[in-house]
file model_34.tsv (TSV, C-alpha atoms and all ligand atoms)
chain	number	residue	atom	x	y	z
A	1	MET	CA	-75.41	-33.04	28.55
A	2	SER	CA	-74.16	-30.51	25.96
A	3	ALA	CA	-73.10	-31.86	22.56
A	4	TRP	CA	-69.45	-30.88	23.16
A	5	GLU	CA	-69.38	-33.22	26.14
A	6	ASP	CA	-69.93	-36.25	23.91
A	7	ASN	CA	-66.27	-36.36	22.91
A	8	ILE	CA	-64.76	-35.88	26.29
A	9	ARG	CA	-62.60	-38.59	27.83
A	10	LYS	CA	-64.64	-39.34	30.91
A	11	VAL	CA	-62.95	-41.11	33.77
A	12	VAL	CA	-63.82	-42.16	37.28
A	13	PRO	CA	-60.63	-41.16	39.07
A	14	TYR	CA	-58.73	-43.05	41.72
A	15	VAL	CA	-59.48	-41.65	45.16
A	16	PRO	CA	-56.39	-41.56	47.36
A	17	GLY	CA	-56.64	-41.87	51.16
A	18	GLU	CA	-57.38	-38.68	52.98
A	19	GLN	CA	-54.61	-36.26	54.02
A	20	PRO	CA	-56.31	-34.50	56.94
A	21	LYS	CA	-55.56	-30.83	57.48
A	22	VAL	CA	-55.45	-31.06	61.27
A	23	ASP	CA	-52.48	-32.15	63.39
A	24	ASN	CA	-53.73	-34.00	66.43
A	25	ILE	CA	-54.78	-37.20	64.74
A	26	ILE	CA	-53.26	-40.67	64.43
A	27	LYS	CA	-52.94	-41.22	60.72
A	28	LEU	CA	-52.87	-44.89	59.75
A	29	ASN	CA	-54.62	-44.67	56.39
A	30	THR	CA	-52.11	-44.24	53.55
A	31	ASN	CA	-49.21	-46.58	54.38
A	32	GLU	CA	-46.66	-43.87	54.99
A	33	ASN	CA	-43.67	-44.66	57.17
A	34	PRO	CA	-43.85	-42.78	60.50
A	35	TYR	CA	-40.09	-42.32	60.95
A	36	GLY	CA	-39.43	-39.74	58.25
A	37	PRO	CA	-36.44	-39.42	55.95
A	38	SER	CA	-32.83	-40.00	56.93
A	39	PRO	CA	-31.31	-37.19	59.05
A	40	ARG	CA	-28.74	-36.85	56.27
A	41	VAL	CA	-31.47	-35.45	54.03
A	42	GLU	CA	-32.20	-32.68	56.50
A	43	LYS	CA	-28.56	-31.62	56.51
A	44	ILE	CA	-28.43	-30.95	52.79
A	45	ALA	CA	-28.42	-27.27	52.00
A	46	MET	CA	-30.24	-26.87	48.72
A	47	ASP	CA	-28.90	-24.07	46.58
A	48	MET	CA	-32.16	-22.22	45.86
A	49	GLU	CA	-30.47	-20.25	43.10
A	50	LYS	CA	-30.31	-23.49	41.14
A	51	LEU	CA	-34.09	-23.65	40.97
A	52	LYS	CA	-34.00	-21.11	38.13
A	53	LEU	CA	-32.71	-23.93	35.93
A	54	TYR	CA	-34.64	-26.89	34.58
A	55	PRO	CA	-33.77	-30.12	36.35
A	56	ASP	CA	-31.78	-32.82	34.55
A	57	PRO	CA	-34.46	-34.46	32.34
A	58	ALA	CA	-32.78	-37.84	32.77
A	59	ALA	CA	-32.48	-37.39	36.57
A	60	SER	CA	-29.10	-39.08	36.09
A	61	ALA	CA	-27.83	-38.56	39.64
A	62	LEU	CA	-30.86	-40.33	41.05
A	63	VAL	CA	-30.86	-43.04	38.38
A	64	ASP	CA	-27.16	-43.72	39.09
A	65	ALA	CA	-27.72	-43.79	42.87
A	66	ILE	CA	-30.57	-46.30	42.51
A	67	ALA	CA	-28.57	-48.39	40.01
A	68	ASN	CA	-25.60	-48.39	42.35
A	69	TYR	CA	-27.77	-49.40	45.32
A	70	HIS	CA	-29.25	-52.35	43.47
A	71	GLU	CA	-25.97	-53.23	41.72
A	72	VAL	CA	-27.41	-52.93	38.22
A	73	SER	CA	-26.32	-50.75	35.31
A	74	SER	CA	-28.01	-47.35	34.96
A	75	ASP	CA	-29.64	-48.31	31.64
A	76	LYS	CA	-31.85	-50.70	33.62
A	77	VAL	CA	-33.37	-47.92	35.76
A	78	PHE	CA	-36.26	-45.55	35.07
A	79	VAL	CA	-37.42	-42.94	37.59
A	80	GLY	CA	-40.77	-41.21	37.92
A	81	VAL	CA	-42.89	-39.01	40.13
A	82	GLY	CA	-43.84	-41.70	42.61
A	83	SER	CA	-44.46	-45.23	41.47
A	84	ASP	CA	-47.92	-44.07	40.39
A	85	ASP	CA	-46.22	-42.10	37.62
A	86	VAL	CA	-43.98	-45.04	36.72
A	87	LEU	CA	-46.99	-47.37	36.62
A	88	ALA	CA	-49.15	-44.94	34.62
A	89	MET	CA	-46.33	-44.61	32.03
A	90	SER	CA	-45.90	-48.38	32.00
A	91	PHE	CA	-49.58	-49.01	31.27
A	92	LEU	CA	-49.37	-46.53	28.39
A	93	THR	CA	-46.12	-48.01	27.05
A	94	PHE	CA	-46.56	-51.74	27.47
A	95	PHE	CA	-50.23	-52.64	27.34
A	96	ASN	CA	-51.18	-52.05	23.69
A	97	SER	CA	-52.07	-55.45	22.28
A	98	GLY	CA	-55.84	-54.98	22.39
A	99	LYS	CA	-55.99	-58.18	24.48
A	100	GLU	CA	-57.09	-58.18	28.10
A	101	ILE	CA	-54.44	-57.41	30.66
A	102	LEU	CA	-54.72	-59.36	33.90
A	103	PHE	CA	-54.51	-58.31	37.53
A	104	PRO	CA	-56.08	-59.61	40.76
A	105	ASP	CA	-59.63	-58.53	41.65
A	106	ILE	CA	-58.43	-57.53	45.11
A	107	THR	CA	-55.43	-55.30	44.51
A	108	TYR	CA	-54.22	-51.73	44.17
A	109	SER	CA	-57.31	-49.89	42.99
A	110	PHE	CA	-55.41	-47.63	40.61
A	111	TYR	CA	-54.87	-50.44	38.07
A	112	ASP	CA	-58.41	-50.49	36.71
A	113	VAL	CA	-58.43	-46.67	36.66
A	114	TRP	CA	-55.37	-46.57	34.35
A	115	ALA	CA	-56.83	-49.34	32.22
A	116	GLU	CA	-60.05	-47.34	31.84
A	117	LEU	CA	-58.17	-44.10	31.18
A	118	TYR	CA	-56.11	-45.62	28.36
A	119	LYS	CA	-58.98	-47.84	27.14
A	120	ILE	CA	-56.97	-51.01	27.79
A	121	PRO	CA	-59.19	-54.09	28.05
A	122	TYR	CA	-58.66	-55.85	31.36
A	123	LYS	CA	-59.79	-58.76	33.49
A	124	ALA	CA	-59.75	-58.62	37.28
A	125	VAL	CA	-58.87	-62.23	38.16
A	126	PRO	CA	-60.40	-63.39	41.46
A	127	VAL	CA	-58.02	-64.19	44.30
A	128	ASP	CA	-58.96	-67.27	46.35
A	129	ASP	CA	-60.96	-67.25	49.58
A	130	ASP	CA	-57.80	-66.55	51.59
A	131	PHE	CA	-57.04	-63.61	49.25
A	132	ARG	CA	-54.16	-65.49	47.61
A	133	ILE	CA	-53.39	-64.92	43.93
A	134	ILE	CA	-53.80	-68.14	41.91
A	135	LYS	CA	-50.80	-68.26	39.58
A	136	GLU	CA	-52.32	-70.71	37.09
A	137	ASP	CA	-55.05	-68.14	36.35
A	138	TYR	CA	-52.35	-66.01	34.70
A	139	HIS	CA	-51.12	-68.71	32.33
A	140	GLY	CA	-53.57	-68.17	29.46
A	141	GLU	CA	-53.29	-65.71	26.59
A	142	ASN	CA	-53.39	-62.08	27.70
A	143	GLY	CA	-52.18	-58.57	26.90
A	144	GLY	CA	-49.90	-58.24	29.92
A	145	VAL	CA	-49.89	-58.89	33.65
A	146	ILE	CA	-49.52	-56.65	36.68
A	147	PHE	CA	-49.71	-57.46	40.37
A	148	PRO	CA	-48.20	-56.12	43.56
A	149	ASN	CA	-45.98	-58.38	45.64
A	150	PRO	CA	-46.75	-58.11	48.54
A	151	ASN	CA	-50.29	-57.52	47.34
A	152	ALA	CA	-52.28	-54.55	48.61
A	153	PRO	CA	-54.52	-54.19	50.51
A	154	THR	CA	-54.16	-57.85	51.56
A	155	SER	CA	-50.48	-57.56	52.68
A	156	ILE	CA	-49.79	-61.10	51.43
A	157	ALA	CA	-46.44	-61.83	49.74
A	158	GLU	CA	-45.73	-64.69	47.39
A	159	PRO	CA	-42.28	-66.30	47.00
A	160	LEU	CA	-39.92	-65.69	44.12
A	161	SER	CA	-40.73	-69.08	42.57
A	162	PHE	CA	-44.38	-68.00	42.35
A	163	VAL	CA	-43.46	-64.75	40.58
A	164	GLU	CA	-41.10	-66.58	38.25
A	165	ASP	CA	-43.85	-69.01	37.30
A	166	ILE	CA	-46.04	-66.11	36.15
A	167	VAL	CA	-43.21	-64.39	34.28
A	168	LYS	CA	-42.07	-67.64	32.66
A	169	ASN	CA	-45.56	-68.41	31.43
A	170	ASN	CA	-46.00	-64.92	29.93
A	171	GLN	CA	-42.89	-64.30	27.89
A	172	ASP	CA	-44.82	-62.78	24.97
A	173	VAL	CA	-46.12	-59.89	27.08
A	174	VAL	CA	-44.76	-57.52	29.69
A	175	VAL	CA	-45.17	-58.57	33.31
A	176	ILE	CA	-45.02	-55.81	35.92
A	177	VAL	CA	-44.37	-56.64	39.57
A	178	ASP	CA	-45.28	-53.71	41.80
A	179	GLU	CA	-42.94	-53.99	44.80
A	180	ALA	CA	-44.16	-50.91	46.71
A	181	TYR	CA	-44.06	-52.88	50.00
A	182	VAL	CA	-41.37	-55.48	49.37
A	183	ASP	CA	-38.86	-54.09	51.89
A	184	PHE	CA	-41.14	-55.01	54.80
A	185	GLY	CA	-40.81	-58.74	54.23
A	186	GLY	CA	-41.38	-59.72	50.61
A	187	GLU	CA	-38.97	-61.47	48.27
A	188	THR	CA	-37.89	-59.24	45.40
A	189	ALA	CA	-38.11	-60.26	41.75
A	190	LEU	CA	-35.02	-58.19	40.90
A	191	PRO	CA	-32.81	-61.29	40.44
A	192	LEU	CA	-35.12	-62.30	37.56
A	193	VAL	CA	-34.59	-59.12	35.57
A	194	ASP	CA	-31.49	-60.48	33.82
A	195	LYS	CA	-33.22	-63.74	33.03
A	196	TYR	CA	-36.49	-62.38	31.60
A	197	GLU	CA	-36.41	-59.33	29.34
A	198	ASN	CA	-40.18	-58.88	29.67
A	199	LEU	CA	-40.12	-58.30	33.47
A	200	LEU	CA	-40.42	-54.83	34.97
A	201	VAL	CA	-40.05	-54.39	38.73
A	202	VAL	CA	-41.51	-51.18	40.15
A	203	ARG	CA	-40.45	-49.65	43.48
A	204	THR	CA	-41.12	-46.50	45.50
A	205	PHE	CA	-39.47	-44.19	48.06
A	206	SER	CA	-42.91	-43.53	49.61
A	207	LYS	CA	-43.12	-46.46	52.02
A	208	SER	CA	-39.91	-48.08	53.31
A	209	ARG	CA	-37.88	-44.97	52.45
A	210	SER	CA	-40.26	-42.64	54.26
A	211	MET	CA	-40.44	-40.00	51.55
A	212	ALA	CA	-43.99	-40.04	50.20
A	213	GLY	CA	-43.92	-36.25	50.05
A	214	LEU	CA	-41.05	-36.13	47.55
A	215	ARG	CA	-42.75	-38.40	45.01
A	216	ILE	CA	-40.02	-40.75	43.85
A	217	GLY	CA	-40.71	-44.07	42.19
A	218	TYR	CA	-38.60	-46.21	39.91
A	219	ALA	CA	-38.59	-49.25	37.71
A	220	ILE	CA	-35.86	-51.77	37.04
A	221	GLY	CA	-35.91	-53.88	33.91
A	222	ASN	CA	-34.11	-54.85	30.75
A	223	PRO	CA	-32.55	-51.80	28.96
A	224	LYS	CA	-34.94	-52.30	26.03
A	225	LEU	CA	-37.97	-51.99	28.32
A	226	ILE	CA	-36.43	-48.92	29.98
A	227	LYS	CA	-35.79	-47.31	26.59
A	228	TYR	CA	-39.40	-47.84	25.50
A	229	LEU	CA	-40.60	-46.39	28.78
A	230	SER	CA	-38.28	-43.38	28.51
A	231	ASP	CA	-39.41	-42.67	24.95
A	232	VAL	CA	-43.00	-42.41	26.15
A	233	LYS	CA	-42.00	-40.30	29.15
A	234	TYR	CA	-40.08	-37.85	26.92
A	235	SER	CA	-43.12	-37.63	24.66
A	236	PHE	CA	-45.23	-36.64	27.62
A	237	ASN	CA	-43.15	-34.33	29.83
A	238	SER	CA	-39.36	-33.99	29.76
A	239	TYR	CA	-38.98	-32.83	33.35
A	240	THR	CA	-41.02	-35.16	35.48
A	241	MET	CA	-38.53	-35.29	38.35
A	242	ASN	CA	-38.05	-31.95	40.08
A	243	MET	CA	-34.66	-30.81	41.31
A	244	PRO	CA	-35.21	-31.16	45.09
A	245	SER	CA	-36.53	-34.71	44.63
A	246	ILE	CA	-33.42	-35.68	42.68
A	247	ILE	CA	-31.06	-34.15	45.28
A	248	TYR	CA	-32.85	-35.44	48.39
A	249	GLY	CA	-33.50	-38.81	46.81
A	250	VAL	CA	-29.79	-39.36	46.16
A	251	GLU	CA	-28.93	-38.49	49.76
A	252	SER	CA	-31.61	-40.70	51.25
A	253	ILE	CA	-30.62	-43.83	49.38
A	254	ALA	CA	-27.04	-43.39	50.62
A	255	ASP	CA	-28.14	-43.87	54.25
A	256	ASP	CA	-28.72	-47.60	54.26
A	257	ASP	CA	-28.30	-48.00	58.04
A	258	TYR	CA	-31.15	-45.62	58.76
A	259	PHE	CA	-33.31	-47.33	56.13
A	260	LYS	CA	-32.74	-50.77	57.64
A	261	GLU	CA	-33.25	-49.55	61.19
A	262	THR	CA	-36.61	-47.87	60.47
A	263	VAL	CA	-37.90	-50.77	58.39
A	264	ALA	CA	-37.01	-53.16	61.26
A	265	LYS	CA	-38.91	-50.94	63.70
A	266	VAL	CA	-42.02	-51.02	61.52
A	267	VAL	CA	-41.79	-54.82	61.19
A	268	ASP	CA	-41.37	-55.25	64.98
A	269	THR	CA	-44.32	-53.01	65.72
A	270	ARG	CA	-46.41	-54.85	63.14
A	271	GLU	CA	-45.78	-58.26	64.65
A	272	TRP	CA	-46.41	-57.01	68.20
A	273	PHE	CA	-49.62	-55.21	67.17
A	274	LYS	CA	-50.85	-58.25	65.21
A	275	SER	CA	-50.43	-60.56	68.20
A	276	GLU	CA	-52.25	-58.07	70.44
A	277	ILE	CA	-55.28	-57.63	68.16
A	278	GLU	CA	-55.59	-61.37	67.64
A	279	LYS	CA	-56.28	-61.60	71.39
A	280	LEU	CA	-59.23	-59.23	70.80
A	281	GLY	CA	-60.92	-61.36	68.16
A	282	PHE	CA	-59.32	-59.79	65.09
A	283	ALA	CA	-57.85	-61.85	62.27
A	284	CYS	CA	-55.51	-60.80	59.50
A	285	PRO	CA	-53.46	-62.57	56.85
A	286	PRO	CA	-49.71	-62.79	57.57
A	287	SER	CA	-48.36	-59.39	56.57
A	288	SER	CA	-45.20	-58.74	54.59
A	289	ALA	CA	-46.03	-55.05	54.28
A	290	ASN	CA	-46.23	-51.98	56.53
A	291	PHE	CA	-49.93	-52.50	57.11
A	292	LEU	CA	-52.37	-55.10	58.36
A	293	PHE	CA	-55.56	-56.17	56.65
A	294	MET	CA	-57.81	-56.89	59.60
A	295	THR	CA	-61.32	-58.06	60.30
A	296	HIS	CA	-63.15	-58.66	63.57
A	297	GLU	CA	-65.22	-61.73	64.42
A	298	SER	CA	-68.29	-59.67	65.39
A	299	ILE	CA	-67.84	-55.91	65.01
A	300	PRO	CA	-68.35	-54.69	61.42
A	301	ALA	CA	-65.30	-52.98	59.87
A	302	LYS	CA	-67.34	-49.95	58.85
A	303	GLU	CA	-68.38	-49.37	62.45
A	304	ILE	CA	-64.78	-49.62	63.68
A	305	PHE	CA	-63.67	-47.25	60.94
A	306	GLU	CA	-66.30	-44.66	61.87
A	307	LYS	CA	-65.75	-44.90	65.61
A	308	ALA	CA	-61.97	-44.70	65.17
A	309	ARG	CA	-62.46	-41.56	63.15
A	310	GLU	CA	-64.49	-40.00	65.94
A	311	ALA	CA	-61.55	-40.84	68.21
A	312	LYS	CA	-59.23	-39.09	65.71
A	313	ILE	CA	-57.66	-42.28	64.42
A	314	ILE	CA	-57.85	-42.61	60.66
A	315	VAL	CA	-57.55	-46.02	59.01
A	316	ARG	CA	-58.60	-47.16	55.52
A	317	TYR	CA	-61.93	-48.75	54.78
A	318	PHE	CA	-62.87	-49.96	51.29
A	319	ASN	CA	-66.57	-50.17	50.62
A	320	LYS	CA	-66.06	-52.84	47.96
A	321	PRO	CA	-67.27	-56.39	47.37
A	322	ARG	CA	-65.32	-59.11	49.25
A	323	ILE	CA	-63.36	-56.67	51.42
A	324	ASP	CA	-66.03	-54.49	52.97
A	325	ASN	CA	-65.58	-56.12	56.36
A	326	TYR	CA	-61.84	-55.39	56.48
A	327	LEU	CA	-59.73	-52.45	57.52
A	328	ARG	CA	-56.31	-51.66	56.14
A	329	VAL	CA	-54.27	-50.28	58.99
A	330	THR	CA	-50.86	-48.71	58.43
A	331	ILE	CA	-48.22	-49.50	61.05
A	332	GLY	CA	-47.33	-46.25	62.78
A	333	THR	CA	-44.95	-45.69	65.68
A	334	ARG	CA	-45.19	-47.98	68.71
A	335	LYS	CA	-46.89	-45.13	70.59
A	336	GLU	CA	-49.48	-44.59	67.86
A	337	MET	CA	-50.24	-48.30	67.74
A	338	GLU	CA	-50.56	-48.43	71.53
A	339	SER	CA	-53.19	-45.68	71.31
A	340	PHE	CA	-55.05	-47.54	68.58
A	341	LEU	CA	-54.85	-50.75	70.60
A	342	SER	CA	-56.36	-49.03	73.67
A	343	PHE	CA	-59.16	-47.74	71.47
A	344	LEU	CA	-59.80	-51.25	70.10
A	345	LYS	CA	-59.70	-52.84	73.57
A	346	LYS	CA	-62.39	-50.44	74.77
A	347	LEU	CA	-64.47	-50.94	71.65
A	348	VAL	CA	-64.39	-54.72	71.98
A	349	LYS	CA	-65.18	-54.53	75.72
A	350	ASP	CA	-68.18	-52.23	75.14
A	351	ASN	CA	-69.64	-54.42	72.42
B	401	LIG	N1	-48.41	-49.48	44.31
B	401	LIG	C1	-49.10	-49.84	45.39
B	401	LIG	C2	-49.46	-51.27	45.57
B	401	LIG	C3	-49.48	-48.88	46.34
B	401	LIG	O1	-50.20	-49.23	47.42
B	401	LIG	C4	-49.11	-47.53	46.15
B	401	LIG	C5	-49.49	-46.49	47.18
B	401	LIG	N2	-50.73	-45.92	47.00
B	401	LIG	C6	-48.41	-47.20	44.99
B	401	LIG	C7	-48.06	-48.20	44.10
B	401	LIG	C8	-48.04	-45.79	44.65
B	401	LIG	O2	-47.20	-45.19	45.55
B	401	LIG	P1	-46.31	-43.94	45.17
B	401	LIG	O3	-46.92	-43.27	43.95
B	401	LIG	O4	-46.35	-43.06	46.36
B	401	LIG	O5	-44.95	-44.46	44.87
call {"tool": "encode", "arguments": {"input": "model_34.tsv", "output": "structure tokens"}}
result
Amino acid sequence: MSAWEDNIRKVVPYVPGEQPKVDNIIKLNTNENPYGPSPRVEKIAMDMEKLKLYPDPAASALVDAIANYHEVSSDKVFVGVGSDDVLAMSFLTFFNSGKEILFPDITYSFYDVWAELYKIPYKAVPVDDDFRIIKEDYHGENGGVIFPNPNAPTSIAEPLSFVEDIVKNNQDVVVIVDEAYVDFGGETALPLVDKYENLLVVRTFSKSRSMAGLRIGYAIGNPKLIKYLSDVKYSFNSYTMNMPSIIYGVESIADDDYFKETVAKVVDTREWFKSEIEKLGFACPPSSANFLFMTHESIPAKEIFEKAREAKIIVRYFNKPRIDNYLRVTIGTRKEMESFLSFLKKLVKDN
């Protein structure tokens, strides 16, 4: 290594699921929503001339639309480029005590990457043998807490009382609840925001709102938290939200009927698919998300992953301790899941 490399910030980056360049595949690997954005979004004629201008640095139209949707004041809302951006800013803003922050050992694998990037000490707290988070493990002294609810990739949701217990026992630090998947069956912690000024709830348009390509995420919390977060954001990049994302985001959140209808379809397909695969010897925890975390009684997950790929069906496999015999399978359309089911039936029969 050259001497100049000694002082480089070296990181092992997060590796997102693959976005294949070919069309004729069934893509069940990155928890997108198969139904696409509201038809109202398509009808918006964007004035391209406007792109010569910088977007509104505060993304006020989008902030107001989100605030209005959740019936909170706009000073409780922060928006970012996907919830990844919101979370990255939150790590930078809130986790500075020098003490270990806590998150589950089986969880969104970006958390340890941000902790490493910002040199935040952290402890990955083991979930139990059923992949459940143990709330008492978060009661001791720490530098902050973050966990998804429902958790990923396990799909397991915990009730509001569980979340409140963790927030209540950590009032000297910031607690972040990552609700990327909450619309598919979880219980939101939003009602706690007025009660606990140290709670930040993070959401995304990428899953239930079917707009992963636009990159919209947001956080809801006490105005003081939002101000601290905004100060860091404005010290980093004034214009994180681009103009089309602001315009399309506002339109999409206005179409609540479409949102509810597509979420219900995903949930229906999930429950049907789960009952079908259980007949084939698969098991998965009860899912409150738009994916299943599944394992087979005899066929190794890696083998299923590889064979599915050959059949042009892409699911997610994590070659990591404790979960290397599981697949995380996004719920696609009924037709896509029927194809995957046929593939699994044949695989099980031939084994
Ligand atoms: N949190 C969790 C738990 C996730 O699974 C994801 C999706 N990779 C994200 C946050 C980030 O999603 P996005 O940046 O698209 O909002």
call {"tool": "closest_atom_pairs", "arguments": {"input": "model_34.tsv", "of": "chain A", "to": "ligand LIG 401 (chain B)", "cutoff": "9 Å", "atoms": "all atoms listed in the file", "output": "CSV"}}
result
residue,atom,partner,partner_atom,distance
A:Pro16,CA,B:LIG401,N2,7.2
A:Gly17,CA,B:LIG401,N2,8.3
A:Thr30,CA,B:LIG401,N2,6.9
A:Asn31,CA,B:LIG401,C5,7.2
A:Glu32,CA,B:LIG401,O4,8.7
A:Gly80,CA,B:LIG401,O5,8.7
A:Val81,CA,B:LIG401,O3,7.0
A:Gly82,CA,B:LIG401,O3,3.7
A:Ser83,CA,B:LIG401,O5,3.5
A:Asp84,CA,B:LIG401,O3,3.8
A:Asp85,CA,B:LIG401,O3,6.5
A:Val86,CA,B:LIG401,O3,8.0
A:Leu87,CA,B:LIG401,C7,7.6
A:Thr107,CA,B:LIG401,C2,7.3
A:Tyr108,CA,B:LIG401,C2,5.0
A:Ser109,CA,B:LIG401,C2,8.4
A:Phe110,CA,B:LIG401,N2,8.1
A:Phe147,CA,B:LIG401,C2,8.1
A:Pro148,CA,B:LIG401,C2,5.4
A:Asn149,CA,B:LIG401,C2,7.9
A:Pro150,CA,B:LIG401,C2,7.9
A:Asn151,CA,B:LIG401,C2,6.5
A:Ala152,CA,B:LIG401,C2,5.3
A:Pro153,CA,B:LIG401,O1,7.3
A:Asp178,CA,B:LIG401,N1,5.8
A:Glu179,CA,B:LIG401,N1,7.1
A:Ala180,CA,B:LIG401,N1,5.1
A:Tyr181,CA,B:LIG401,C2,7.2
A:Val202,CA,B:LIG401,C7,8.2
A:Arg203,CA,B:LIG401,O5,7.0
A:Thr204,CA,B:LIG401,O5,4.4
A:Phe205,CA,B:LIG401,O5,6.3
A:Ser206,CA,B:LIG401,O4,4.8
A:Lys207,CA,B:LIG401,O4,7.4
A:Met211,CA,B:LIG401,O4,8.4
A:Ala212,CA,B:LIG401,O4,5.4
A:Gly213,CA,B:LIG401,O4,8.1
A:Leu214,CA,B:LIG401,O4,8.8
A:Arg215,CA,B:LIG401,O4,6.0
A:Ile216,CA,B:LIG401,O5,6.3
A:Gly217,CA,B:LIG401,O5,5.0
A:Tyr218,CA,B:LIG401,O5,8.2
call {"tool": "write_last_selection", "arguments": {"input": "model_34.tsv", "atoms": "C-alpha atoms", "output": "PDB file, in the coordinates of the input"}}
result
ATOM      1  CA  PRO A  16     -56.390 -41.560  47.360  1.00  0.00           C
ATOM      2  CA  GLY A  17     -56.640 -41.870  51.160  1.00  0.00           C
ATOM      3  CA  THR A  30     -52.110 -44.240  53.550  1.00  0.00           C
ATOM      4  CA  ASN A  31     -49.210 -46.580  54.380  1.00  0.00           C
ATOM      5  CA  GLU A  32     -46.660 -43.870  54.990  1.00  0.00           C
ATOM      6  CA  GLY A  80     -40.770 -41.210  37.920  1.00  0.00           C
ATOM      7  CA  VAL A  81     -42.890 -39.010  40.130  1.00  0.00           C
ATOM      8  CA  GLY A  82     -43.840 -41.700  42.610  1.00  0.00           C
ATOM      9  CA  SER A  83     -44.460 -45.230  41.470  1.00  0.00           C
ATOM     10  CA  ASP A  84     -47.920 -44.070  40.390  1.00  0.00           C
ATOM     11  CA  ASP A  85     -46.220 -42.100  37.620  1.00  0.00           C
ATOM     12  CA  VAL A  86     -43.980 -45.040  36.720  1.00  0.00           C
ATOM     13  CA  LEU A  87     -46.990 -47.370  36.620  1.00  0.00           C
ATOM     14  CA  THR A 107     -55.430 -55.300  44.510  1.00  0.00           C
ATOM     15  CA  TYR A 108     -54.220 -51.730  44.170  1.00  0.00           C
ATOM     16  CA  SER A 109     -57.310 -49.890  42.990  1.00  0.00           C
ATOM     17  CA  PHE A 110     -55.410 -47.630  40.610  1.00  0.00           C
ATOM     18  CA  PHE A 147     -49.710 -57.460  40.370  1.00  0.00           C
ATOM     19  CA  PRO A 148     -48.200 -56.120  43.560  1.00  0.00           C
ATOM     20  CA  ASN A 149     -45.980 -58.380  45.640  1.00  0.00           C
ATOM     21  CA  PRO A 150     -46.750 -58.110  48.540  1.00  0.00           C
ATOM     22  CA  ASN A 151     -50.290 -57.520  47.340  1.00  0.00           C
ATOM     23  CA  ALA A 152     -52.280 -54.550  48.610  1.00  0.00           C
ATOM     24  CA  PRO A 153     -54.520 -54.190  50.510  1.00  0.00           C
ATOM     25  CA  ASP A 178     -45.280 -53.710  41.800  1.00  0.00           C
ATOM     26  CA  GLU A 179     -42.940 -53.990  44.800  1.00  0.00           C
ATOM     27  CA  ALA A 180     -44.160 -50.910  46.710  1.00  0.00           C
ATOM     28  CA  TYR A 181     -44.060 -52.880  50.000  1.00  0.00           C
ATOM     29  CA  VAL A 202     -41.510 -51.180  40.150  1.00  0.00           C
ATOM     30  CA  ARG A 203     -40.450 -49.650  43.480  1.00  0.00           C
ATOM     31  CA  THR A 204     -41.120 -46.500  45.500  1.00  0.00           C
ATOM     32  CA  PHE A 205     -39.470 -44.190  48.060  1.00  0.00           C
ATOM     33  CA  SER A 206     -42.910 -43.530  49.610  1.00  0.00           C
ATOM     34  CA  LYS A 207     -43.120 -46.460  52.020  1.00  0.00           C
ATOM     35  CA  MET A 211     -40.440 -40.000  51.550  1.00  0.00           C
ATOM     36  CA  ALA A 212     -43.990 -40.040  50.200  1.00  0.00           C
ATOM     37  CA  GLY A 213     -43.920 -36.250  50.050  1.00  0.00           C
ATOM     38  CA  LEU A 214     -41.050 -36.130  47.550  1.00  0.00           C
ATOM     39  CA  ARG A 215     -42.750 -38.400  45.010  1.00  0.00           C
ATOM     40  CA  ILE A 216     -40.020 -40.750  43.850  1.00  0.00           C
ATOM     41  CA  GLY A 217     -40.710 -44.070  42.190  1.00  0.00           C
ATOM     42  CA  TYR A 218     -38.600 -46.210  39.910  1.00  0.00           C
TER      43      TYR A 218
END
call {"tool": "closest_residue", "arguments": {"input": "model_34.tsv", "among": "A:Asn29, A:Ser245, A:Thr240, A:Ser97", "to": "Ile314 of chain A", "atoms": "all atoms listed in the file"}}
result
A:Asn29
call {"tool": "residues_around", "arguments": {"input": "model_34.tsv", "residues": "Trp272 of chain A", "least_positions_apart": "4", "cutoff": "12 Å", "atoms": "only C-alpha atoms", "output": "list in words"}}
result
Lys265, Val266, Val267, Asp268, Glu276, Ile277, Glu278, Lys279, Leu292, Ile331, Thr333, Arg334, Met337, Glu338 and Leu341 of chain A
call {"tool": "closest_residue", "arguments": {"input": "model_34.tsv", "among": "A:Pro126, A:Ser275, A:Val11, A:Phe291", "to": "Pro321 of chain A", "atoms": "all atoms listed in the file"}}
result
A:Pro126
call {"tool": "closest_residue", "arguments": {"input": "model_34.tsv", "among": "A:Trp4, A:Phe293, A:Phe273, A:Phe282", "to": "Phe340 of chain A", "atoms": "all atoms listed in the file"}}
result
A:Phe273
call {"tool": "axis_aligned_box", "arguments": {"input": "model_34.tsv", "around": "segment 304-322 of chain A", "padding_each_side": "3 Å", "output": "AutoDock Vina command-line options"}}
result
--center_x -62.4 --center_y -49.1 --center_z 57.8 --size_x 15.7 --size_y 26.0 --size_z 26.8
call {"tool": "residues_around", "arguments": {"input": "model_34.tsv", "residues": "Asp183 of chain A", "least_positions_apart": "4", "cutoff": "8 Å", "atoms": "all atoms listed in the file", "output": "MDAnalysis selection string"}}
result
chainID A and resid 208 263 289
call {"tool": "residues_around", "arguments": {"input": "model_34.tsv", "residues": "Val127 of chain A", "least_positions_apart": "2", "cutoff": "7 Å", "atoms": "all atoms listed in the file", "output": "CSV table (one decimal) with C-alpha atoms, in the coordinates of the input"}}
result
chain,number,residue,atom,x,y,z
A,104,PRO,CA,-56.1,-59.6,40.8
A,105,ASP,CA,-59.6,-58.5,41.6
A,106,ILE,CA,-58.4,-57.5,45.1
A,125,VAL,CA,-58.9,-62.2,38.2
A,129,ASP,CA,-61.0,-67.2,49.6
A,131,PHE,CA,-57.0,-63.6,49.2
A,132,ARG,CA,-54.2,-65.5,47.6
A,133,ILE,CA,-53.4,-64.9,43.9
A,134,ILE,CA,-53.8,-68.1,41.9
